[in-house]
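Beneath this line is the structure, given in structure tokens, with notes to follow.
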Amino acid sequence: MTALIVDELSGGFRLPAGTVQALDGVAFTLDEGETIALVGESGSGKTALILALMRLHPTPPFAYTGGRVLLEGRDLLSLPERSMRQVRGGAIATVFQDPMTSLNPVMTVGAQIAEAVRIHQRVSRDESRKVAVSALGEVGIASPEARARAYPHQLSGGMRQRVAIAMALACRPKVLLADEPTTALDVTSQAQIVDLLKQLQHRHGTAVILVTHDLGLVAQVAERVLVMYAGRLVETAGVDDLFAHPYMPYTWALLQSMPSRAPRGADLIAIPGQPPNLLHLPPGCSFSPRCHFSGDACGAAVPPLAERAPGHSAACILEPAELSKRQRVIETEVSQVP
Amino acid sequence: MTSNVPLLEVRDLRKVFQAGGGLSGQPKRQVHAVNGVDLTVLPGQTLGIVGESGCGKSTLARLMLGLYPPTGGEVLFEGTSIAKLSRRELLGVRRNMQIVFQDPYSSLDPRMRIREIIAEPLVTHGRVGRGRRSLGRRRERVGELLEAVGLGADAQDRYPRELSGGQRQRVGIARALALDPKLLVLDEPVSALDVSIQAQVINLLARMQRERGLTYVFVTHDLSVLRHVADYVAVMYLGRVVEFAPTEELLRQARHPYTQSLLSAVPVPDPAAERKRRRIVLRGELPSPDNLPSGCSFHTRCPVARELCSTEPPGLGEQDGAGHRAACHFPVRSAEDLLAADSSGRGL
């Protein structure tokens, strides 16, 4: 069963200097219980997409220019704001990177979760309190009754993120959007939180979109991967296919730039330059100025995201066979440098 | 390049910060940020220091440079204790030890042009004149440094806000290199950067080390970066070094349960390997450094802790020779030992 369909979603920020095309024809489906990772560098549009799905961008400056977001047959983009408020935190919930700024500092964590529950379910105050305490227990917080009376600043970063997850899952959403949920945490807390998310997902069948820049985390939790660059999806694939043979030079370069994949002491294959300015995108493929394999044809037209193998699409004009041949050449060259 | 005379040595180094008290309305507390650290850094090598937030790694880095006065112990640079130096002598030593900070956004003065930022150490140490007449000489020297770190001469007249994160970090490195130091302390130099840009900066640091015979102390929370750059790694937990070993040895067979759990927590970019992996998930939370546990400070979270661990602090003892040391009463052989303890219910 499909949980969410994103159909050719486009939108941008209208600024005095021009329009920043933050999202350009983004299309994918998310199945029930599935975990999709959304990866890309800072500024590639990952968070802009998440906020656009939830209609959390202030409009203006943001304006949708096309597409639909379908949840249970309804297009979220055409819902009145009143109904959208029921969707947020109800059918779709979010967990953000920094739990210190996403939690209310002057409310106890129990009261915040209870409030969220009352907004979405017809329950009494007492009942919502009980739900809050059991939600805290479910995310592995010891003595949840006592912790429900704590304020966010009295908890550690890992604890606060557990609270944010408890709040997100208290209303049993169909879809959880997790935007860099472990980036602010230490690696041992990250391991705890990832473990927890997986358990809860199995128990409730929640579909998850995990936004991250950490490809290790992607390998650990995702079933499918969407790679984003300059507001477009440039590769989508099952996680094994993507890591084994990326069909988009950008994905390949991202993987190569990870220190854990390179031979010790050898130079890393870095991506030259910076991500492009979205106000002045280069003509044709927007990755071509930084691409190891670009040629004259790359500047001519924007390559569409085309299926190259079953379930594996890429936005590159090079044939996969040719591309992997050229990738091997560079990989061998680099590994031989002392 | 490598000799066996240490370039930098720290002996039983300690730092206690006072927290609370005064107008804060909270009781006074003693925060033991660095709690008895011994380390040596050999010339031309890279010592990696790894640990999680609050383990004291950044405080240790600053103590090494004499940026904080230590509460106890000493720092020796080329065999001389820096605490005993006069101001003038200290200035001479400082020239040889420089630092690159994590956040290239807050470590560069937003009101200074890039050329002023990089020229500042040169002027302070009297390498070039301060006045208008030396402008040409300053520009020339700054231009050389910018070129060395891969920035064009047109960066000279820019302000930090006009540069990207990666470019700013290059400026930070150029400033640190301005005085031809022997030692660079790198405090999370790539943690704020995207992985693609991170690779550029790691390559740059490696090239600078090769070309200039630099010695690095590389502080990070990211073991995969250290795997790539460090010769030796010191693992810190609550102000102490709990394990010290040559990098590959440490990654192959860590003996301290904390190091094993750190290694186990880091995801690897290989989906098939990730599916097979069993993780050691540490229980509980990091204890507060103002109220350290008795005995071994890791015993409250350790899957294989026994009674002795809560009473007797372990020394940093030699393990199988080859410079491998671990502070554990019951060192482990592999992650399997810890996973076995977990599933037998003794741990979790």
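Every chain in the structure tokens has a letter given in the order shown (A, B, ...), and although residue numbers restart at 1 in each chain, ligands are simply numbered from 1 in the order shown.
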
Residues of chain A within 9 Å of chain B, counting only C-alpha atoms - could you list those as a ChimeraX atom specification? /A:41-42,156,158-159,185-192,195,213-222,239-240,243-244,253-274

Write to file, as a CSV table (one decimal), in the first residue's frame, the residues of the selection just made, with N, CA and C atoms.
chain,number,residue,atom,x,y,z
A,41,GLU,N,23.9,17.4,-0.3
A,41,GLU,CA,24.6,18.4,0.5
A,41,GLU,C,23.7,19.5,1.0
A,42,SER,N,24.3,20.3,1.9
A,42,SER,CA,23.6,21.5,2.4
A,42,SER,C,23.1,22.3,1.2
A,156,SER,N,19.1,15.7,28.6
A,156,SER,CA,20.2,15.7,27.7
A,156,SER,C,19.7,15.7,26.2
A,158,GLY,N,20.1,13.6,23.8
A,158,GLY,CA,19.5,12.3,23.4
A,158,GLY,C,18.1,12.1,23.9
A,159,MET,N,18.0,12.5,25.2
A,159,MET,CA,16.7,12.4,25.9
A,159,MET,C,15.6,13.3,25.2
A,185,LEU,N,23.5,14.7,17.6
A,185,LEU,CA,23.8,13.8,18.7
A,185,LEU,C,25.1,13.1,18.6
A,186,ASP,N,25.7,12.7,19.7
A,186,ASP,CA,26.9,11.9,19.6
A,186,ASP,C,26.6,10.5,19.0
A,187,VAL,N,27.6,9.8,18.6
A,187,VAL,CA,27.4,8.6,17.8
A,187,VAL,C,26.8,7.5,18.7
A,188,THR,N,27.1,7.4,20.0
A,188,THR,CA,26.5,6.4,20.8
A,188,THR,C,25.0,6.7,21.0
A,189,SER,N,24.7,8.0,21.2
A,189,SER,CA,23.2,8.4,21.3
A,189,SER,C,22.5,8.1,20.0
A,190,GLN,N,23.2,8.4,18.9
A,190,GLN,CA,22.7,8.2,17.5
A,190,GLN,C,22.3,6.7,17.4
A,191,ALA,N,23.2,5.8,17.8
A,191,ALA,CA,22.9,4.4,17.8
A,191,ALA,C,21.6,4.1,18.5
A,192,GLN,N,21.5,4.7,19.7
A,192,GLN,CA,20.3,4.4,20.5
A,192,GLN,C,19.0,4.9,19.8
A,195,ASP,N,18.1,2.8,16.7
A,195,ASP,CA,17.5,1.5,17.2
A,195,ASP,C,16.1,1.7,17.5
A,213,HIS,N,22.7,13.6,5.7
A,213,HIS,CA,23.8,13.8,4.8
A,213,HIS,C,24.8,12.6,5.1
A,214,ASP,N,24.4,11.7,6.0
A,214,ASP,CA,25.3,10.7,6.5
A,214,ASP,C,25.1,9.4,5.7
A,215,LEU,N,25.9,9.1,4.8
A,215,LEU,CA,25.7,7.9,3.9
A,215,LEU,C,25.8,6.6,4.7
A,216,GLY,N,26.5,6.6,5.8
A,216,GLY,CA,26.6,5.5,6.7
A,216,GLY,C,25.2,5.2,7.3
A,217,LEU,N,24.6,6.2,7.8
A,217,LEU,CA,23.2,6.1,8.3
A,217,LEU,C,22.3,5.6,7.3
A,218,VAL,N,22.4,6.1,6.1
A,218,VAL,CA,21.6,5.6,5.0
A,218,VAL,C,21.7,4.1,4.8
A,219,ALA,N,23.0,3.6,4.8
A,219,ALA,CA,23.2,2.2,4.6
A,219,ALA,C,22.6,1.4,5.8
A,220,GLN,N,22.6,2.0,6.9
A,220,GLN,CA,22.1,1.3,8.1
A,220,GLN,C,20.6,1.2,8.1
A,221,VAL,N,19.8,2.2,7.7
A,221,VAL,CA,18.4,2.2,7.9
A,221,VAL,C,17.5,2.2,6.7
A,222,ALA,N,18.0,2.7,5.6
A,222,ALA,CA,17.1,2.9,4.4
A,222,ALA,C,16.9,1.7,3.6
A,239,VAL,N,18.6,0.6,-1.8
A,239,VAL,CA,19.9,1.0,-1.1
A,239,VAL,C,21.1,0.2,-1.6
A,240,ASP,N,20.9,-1.1,-1.9
A,240,ASP,CA,22.0,-2.0,-2.3
A,240,ASP,C,22.5,-1.5,-3.7
A,243,PHE,N,24.5,1.8,-3.6
A,243,PHE,CA,25.9,1.8,-3.1
A,243,PHE,C,26.8,0.9,-4.0
A,244,ALA,N,26.2,-0.1,-4.6
A,244,ALA,CA,27.0,-1.0,-5.4
A,244,ALA,C,27.4,-0.3,-6.8
A,253,ALA,N,30.5,10.4,-6.5
A,253,ALA,CA,31.4,11.3,-5.9
A,253,ALA,C,31.2,11.4,-4.4
A,254,LEU,N,29.9,11.5,-4.0
A,254,LEU,CA,29.6,11.6,-2.6
A,254,LEU,C,30.1,10.4,-1.9
A,255,LEU,N,29.9,9.2,-2.4
A,255,LEU,CA,30.4,7.9,-1.8
A,255,LEU,C,31.9,7.9,-1.7
A,256,GLN,N,32.6,8.4,-2.8
A,256,GLN,CA,34.0,8.4,-2.8
A,256,GLN,C,34.6,9.4,-1.8
A,257,SER,N,33.9,10.4,-1.5
A,257,SER,CA,34.5,11.4,-0.7
A,257,SER,C,34.5,11.0,0.8
A,258,MET,N,33.8,9.9,1.1
A,258,MET,CA,33.8,9.4,2.5
A,258,MET,C,35.1,8.8,2.9
A,259,PRO,N,35.7,9.3,4.0
A,259,PRO,CA,37.0,8.7,4.4
A,259,PRO,C,37.0,7.3,4.7
A,260,SER,N,35.9,6.7,5.1
A,260,SER,CA,35.9,5.3,5.5
A,260,SER,C,35.9,4.4,4.3
A,261,ARG,N,35.7,4.9,3.1
A,261,ARG,CA,35.7,4.1,1.9
A,261,ARG,C,37.0,4.1,1.2
A,262,ALA,N,37.9,5.1,1.5
A,262,ALA,CA,39.1,5.2,0.8
A,262,ALA,C,40.2,4.4,1.5
A,263,PRO,N,41.2,4.0,0.7
A,263,PRO,CA,42.4,3.4,1.3
A,263,PRO,C,43.1,4.4,2.2
A,264,ARG,N,43.6,3.9,3.3
A,264,ARG,CA,44.2,4.8,4.3
A,264,ARG,C,45.4,5.6,3.7
A,265,GLY,N,45.4,6.9,3.9
A,265,GLY,CA,46.5,7.7,3.4
A,265,GLY,C,46.4,8.2,2.0
A,266,ALA,N,45.6,7.5,1.2
A,266,ALA,CA,45.4,7.9,-0.2
A,266,ALA,C,44.6,9.2,-0.2
A,267,ASP,N,44.7,10.0,-1.2
A,267,ASP,CA,43.8,11.2,-1.4
A,267,ASP,C,42.4,10.7,-1.5
A,268,LEU,N,41.5,11.5,-0.9
A,268,LEU,CA,40.1,11.2,-1.1
A,268,LEU,C,39.7,11.9,-2.5
A,269,ILE,N,38.7,11.2,-3.1
A,269,ILE,CA,38.2,11.8,-4.4
A,269,ILE,C,37.1,12.9,-3.9
A,270,ALA,N,37.5,14.1,-3.9
A,270,ALA,CA,36.7,15.2,-3.5
A,270,ALA,C,35.8,15.7,-4.6
A,271,ILE,N,34.7,16.3,-4.3
A,271,ILE,CA,33.9,17.0,-5.4
A,271,ILE,C,34.4,18.4,-5.5
A,272,PRO,N,35.0,18.8,-6.6
A,272,PRO,CA,35.6,20.1,-6.7
A,272,PRO,C,34.5,21.2,-6.6
A,273,GLY,N,34.9,22.4,-6.2
A,273,GLY,CA,33.9,23.5,-6.2
A,273,GLY,C,32.9,23.4,-5.1
A,274,GLN,N,31.8,24.2,-5.3
A,274,GLN,CA,30.7,24.3,-4.3
A,274,GLN,C,29.4,23.9,-5.0

List every residue of segment 105-227 of chain A that DSSP, applied to the backbone of this structure, places in alpha helix (DSSP H), and write the result as a short mmCIF file (atom, residue, chain, number, x, y, z; two decimals) with C-alpha atoms, in the first residue's frame.
data_model
loop_
_atom_site.label_atom_id
_atom_site.label_comp_id
_atom_site.auth_asym_id
_atom_site.auth_seq_id
_atom_site.Cartn_x
_atom_site.Cartn_y
_atom_site.Cartn_z
CA VAL A 109 7.57 17.62 28.15
CA GLY A 110 4.55 15.67 29.40
CA ALA A 111 2.26 18.67 28.91
CA GLN A 112 3.57 19.20 25.36
CA ILE A 113 2.89 15.63 24.33
CA ALA A 114 -0.53 15.70 26.01
CA GLU A 115 -1.42 18.89 24.17
CA ALA A 116 -0.50 17.31 20.84
CA VAL A 117 -2.69 14.31 21.67
CA ARG A 118 -5.68 16.51 22.59
CA ILE A 119 -5.44 18.41 19.32
CA HIS A 120 -5.75 15.23 17.28
CA ARG A 125 -7.07 15.96 29.89
CA ASP A 126 -6.47 13.00 32.17
CA GLU A 127 -6.57 10.59 29.28
CA SER A 128 -4.11 12.69 27.23
CA ARG A 129 -1.71 12.79 30.21
CA LYS A 130 -1.80 9.01 30.38
CA VAL A 131 -1.08 8.75 26.66
CA ALA A 132 1.87 11.16 27.10
CA VAL A 133 3.37 9.12 29.92
CA SER A 134 3.00 5.86 28.03
CA ALA A 135 4.52 7.50 24.92
CA LEU A 136 7.55 8.50 27.01
CA GLY A 137 7.80 4.95 28.32
CA GLU A 138 7.61 3.60 24.78
CA PRO A 144 8.29 8.27 32.54
CA GLU A 145 5.88 9.71 35.15
CA ALA A 146 8.68 11.70 36.74
CA ARG A 147 10.27 12.66 33.41
CA ALA A 148 6.92 13.93 32.10
CA GLY A 157 20.25 15.98 23.88
CA GLY A 158 19.53 12.29 23.37
CA MET A 159 16.66 12.41 25.88
CA ARG A 160 15.16 15.48 24.20
CA GLN A 161 15.23 13.73 20.86
CA ARG A 162 13.42 10.77 22.46
CA VAL A 163 10.78 13.21 23.70
CA ALA A 164 10.42 14.67 20.20
CA ILE A 165 9.98 11.15 18.81
CA ALA A 166 7.47 10.27 21.54
CA MET A 167 5.47 13.36 20.61
CA ALA A 168 5.64 12.63 16.89
CA LEU A 169 4.48 9.05 17.32
CA VAL A 187 27.44 8.61 17.83
CA THR A 188 26.48 6.38 20.77
CA SER A 189 23.25 8.38 21.29
CA GLN A 190 22.67 8.18 17.55
CA ALA A 191 22.89 4.40 17.75
CA GLN A 192 20.29 4.41 20.54
CA ILE A 193 17.91 6.70 18.64
CA VAL A 194 18.21 4.79 15.35
CA ASP A 195 17.53 1.54 17.19
CA LEU A 196 14.47 3.10 18.76
CA LEU A 197 13.11 4.49 15.48
CA LYS A 198 13.45 1.09 13.83
CA GLN A 199 11.66 -0.71 16.67
CA LEU A 200 8.78 1.76 16.72
CA GLN A 201 8.48 1.64 12.95
CA HIS A 202 8.20 -2.16 12.98
CA ARG A 203 5.63 -2.05 15.75
CA HIS A 204 3.36 0.53 14.14
CA LEU A 215 25.66 7.88 3.95
CA GLY A 216 26.61 5.47 6.73
CA LEU A 217 23.24 6.11 8.33
CA VAL A 218 21.57 5.59 4.95
CA ALA A 219 23.21 2.17 4.62
CA GLN A 220 22.07 1.34 8.12
CA VAL A 221 18.38 2.22 7.95
#

From a DSSP pass on the backbone, collect the residues of segment 207-298 of chain B flagged as strand (DSSP E or B) and hand them back as a PyMOL selection string. chain B and resi 215-220+232-237+240-246

Those selected residues, please, written with N, CA and C atoms and delivered as an mmCIF file, in the first residue's frame.
data_model
loop_
_atom_site.group_PDB
_atom_site.id
_atom_site.type_symbol
_atom_site.label_atom_id
_atom_site.label_comp_id
_atom_site.auth_asym_id
_atom_site.auth_seq_id
_atom_site.Cartn_x
_atom_site.Cartn_y
_atom_site.Cartn_z
ATOM 1 N N THR B 215 53.420 18.465 12.288
ATOM 2 C CA THR B 215 52.901 17.524 13.272
ATOM 3 C C THR B 215 51.471 17.946 13.599
ATOM 4 N N TYR B 216 50.549 16.974 13.628
ATOM 5 C CA TYR B 216 49.149 17.311 13.889
ATOM 6 C C TYR B 216 48.643 16.659 15.178
ATOM 7 N N VAL B 217 47.851 17.438 15.921
ATOM 8 C CA VAL B 217 46.973 16.841 16.923
ATOM 9 C C VAL B 217 45.572 17.055 16.378
ATOM 10 N N PHE B 218 44.899 15.971 16.025
ATOM 11 C CA PHE B 218 43.635 16.041 15.295
ATOM 12 C C PHE B 218 42.516 15.608 16.233
ATOM 13 N N VAL B 219 41.714 16.582 16.695
ATOM 14 C CA VAL B 219 40.642 16.302 17.649
ATOM 15 C C VAL B 219 39.331 16.147 16.891
ATOM 16 N N THR B 220 38.625 15.060 17.103
ATOM 17 C CA THR B 220 37.373 14.859 16.383
ATOM 18 C C THR B 220 36.486 13.874 17.116
ATOM 19 N N TYR B 232 48.368 7.630 15.427
ATOM 20 C CA TYR B 232 47.988 7.092 16.732
ATOM 21 C C TYR B 232 46.651 7.690 17.131
ATOM 22 N N VAL B 233 45.893 6.965 17.936
ATOM 23 C CA VAL B 233 44.612 7.497 18.401
ATOM 24 C C VAL B 233 44.524 7.365 19.915
ATOM 25 N N ALA B 234 44.097 8.444 20.565
ATOM 26 C CA ALA B 234 43.774 8.395 21.989
ATOM 27 C C ALA B 234 42.263 8.534 22.117
ATOM 28 N N VAL B 235 41.622 7.599 22.814
ATOM 29 C CA VAL B 235 40.177 7.645 23.019
ATOM 30 C C VAL B 235 39.914 8.228 24.397
ATOM 31 N N MET B 236 39.094 9.275 24.455
ATOM 32 C CA MET B 236 38.822 9.923 25.740
ATOM 33 C C MET B 236 37.408 9.654 26.217
ATOM 34 N N TYR B 237 37.277 9.486 27.520
ATOM 35 C CA TYR B 237 35.954 9.359 28.147
ATOM 36 C C TYR B 237 36.021 10.078 29.485
ATOM 37 N N ARG B 240 39.493 11.465 30.748
ATOM 38 C CA ARG B 240 40.665 10.587 30.760
ATOM 39 C C ARG B 240 40.858 9.919 29.414
ATOM 40 N N VAL B 241 42.123 9.555 29.146
ATOM 41 C CA VAL B 241 42.391 8.701 27.999
ATOM 42 C C VAL B 241 42.120 7.272 28.456
ATOM 43 N N VAL B 242 41.182 6.594 27.787
ATOM 44 C CA VAL B 242 40.874 5.231 28.186
ATOM 45 C C VAL B 242 41.565 4.205 27.293
ATOM 46 N N GLU B 243 41.988 4.646 26.094
ATOM 47 C CA GLU B 243 42.738 3.723 25.237
ATOM 48 C C GLU B 243 43.636 4.523 24.311
ATOM 49 N N PHE B 244 44.817 3.973 24.049
ATOM 50 C CA PHE B 244 45.783 4.632 23.175
ATOM 51 C C PHE B 244 46.466 3.559 22.345
ATOM 52 N N ALA B 245 46.477 3.727 21.025
ATOM 53 C CA ALA B 245 47.099 2.696 20.186
ATOM 54 C C ALA B 245 47.355 3.240 18.794
ATOM 55 N N PRO B 246 48.274 2.574 18.041
ATOM 56 C CA PRO B 246 48.389 2.907 16.618
ATOM 57 C C PRO B 246 47.020 2.710 15.959
#

Non-local contacts of Ser310 of chain B (8 Å; only C-alpha atoms; under 6 positions in same chain excluded) as a list in words: Pro293, Ser294, Gly295, Cys296 and His299 of chain B

Once you have the residues from the selection above, write them out as an mmCIF file, in the first residue's frame, restricted to N, CA and C atoms.
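Once everything was written out, this is again-v9.cif:
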data_model
loop_
_atom_site.group_PDB
_atom_site.id
_atom_site.type_symbol
_atom_site.label_atom_id
_atom_site.label_comp_id
_atom_site.auth_asym_id
_atom_site.auth_seq_id
_atom_site.Cartn_x
_atom_site.Cartn_y
_atom_site.Cartn_z
ATOM 1 N N PRO B 293 31.672 9.026 38.445
ATOM 2 C CA PRO B 293 31.457 7.757 39.136
ATOM 3 C C PRO B 293 32.744 7.317 39.839
ATOM 4 N N SER B 294 32.588 6.496 40.879
ATOM 5 C CA SER B 294 33.763 5.968 41.573
ATOM 6 C C SER B 294 34.447 4.928 40.690
ATOM 7 N N GLY B 295 35.658 4.572 41.048
ATOM 8 C CA GLY B 295 36.368 3.537 40.303
ATOM 9 C C GLY B 295 36.564 3.919 38.852
ATOM 10 N N CYS B 296 36.294 2.982 37.935
ATOM 11 C CA CYS B 296 36.387 3.268 36.505
ATOM 12 C C CYS B 296 35.179 4.102 36.122
ATOM 13 N N HIS B 299 32.200 2.466 34.378
ATOM 14 C CA HIS B 299 31.546 1.252 34.867
ATOM 15 C C HIS B 299 30.014 1.327 34.876
#

One-decimal distance in Å that lies between atom CA of Leu39 of chain B and atom CA of Gln98 of chain B: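 For atom CA of Gln98 of chain B relative to atom CA of Leu39 of chain B, the distance reads 18.2 Å.
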
Contacts of segment 145-159 of chain B within 6 Å, only C-alpha atoms, excl. fewer than 5 positions in-chain, as a compact mmCIF listing (two decimals) with C-alpha atoms, in the first residue's frame:
# COMPACT_ATOMS: atom_id res chain seq x y z
CA ARG B 113 39.16 41.28 5.22
CA ILE B 114 40.76 37.91 4.48
CA ARG B 115 44.16 39.54 3.93
CA ARG B 170 40.94 27.11 4.10
CA ALA B 174 46.24 29.58 5.94
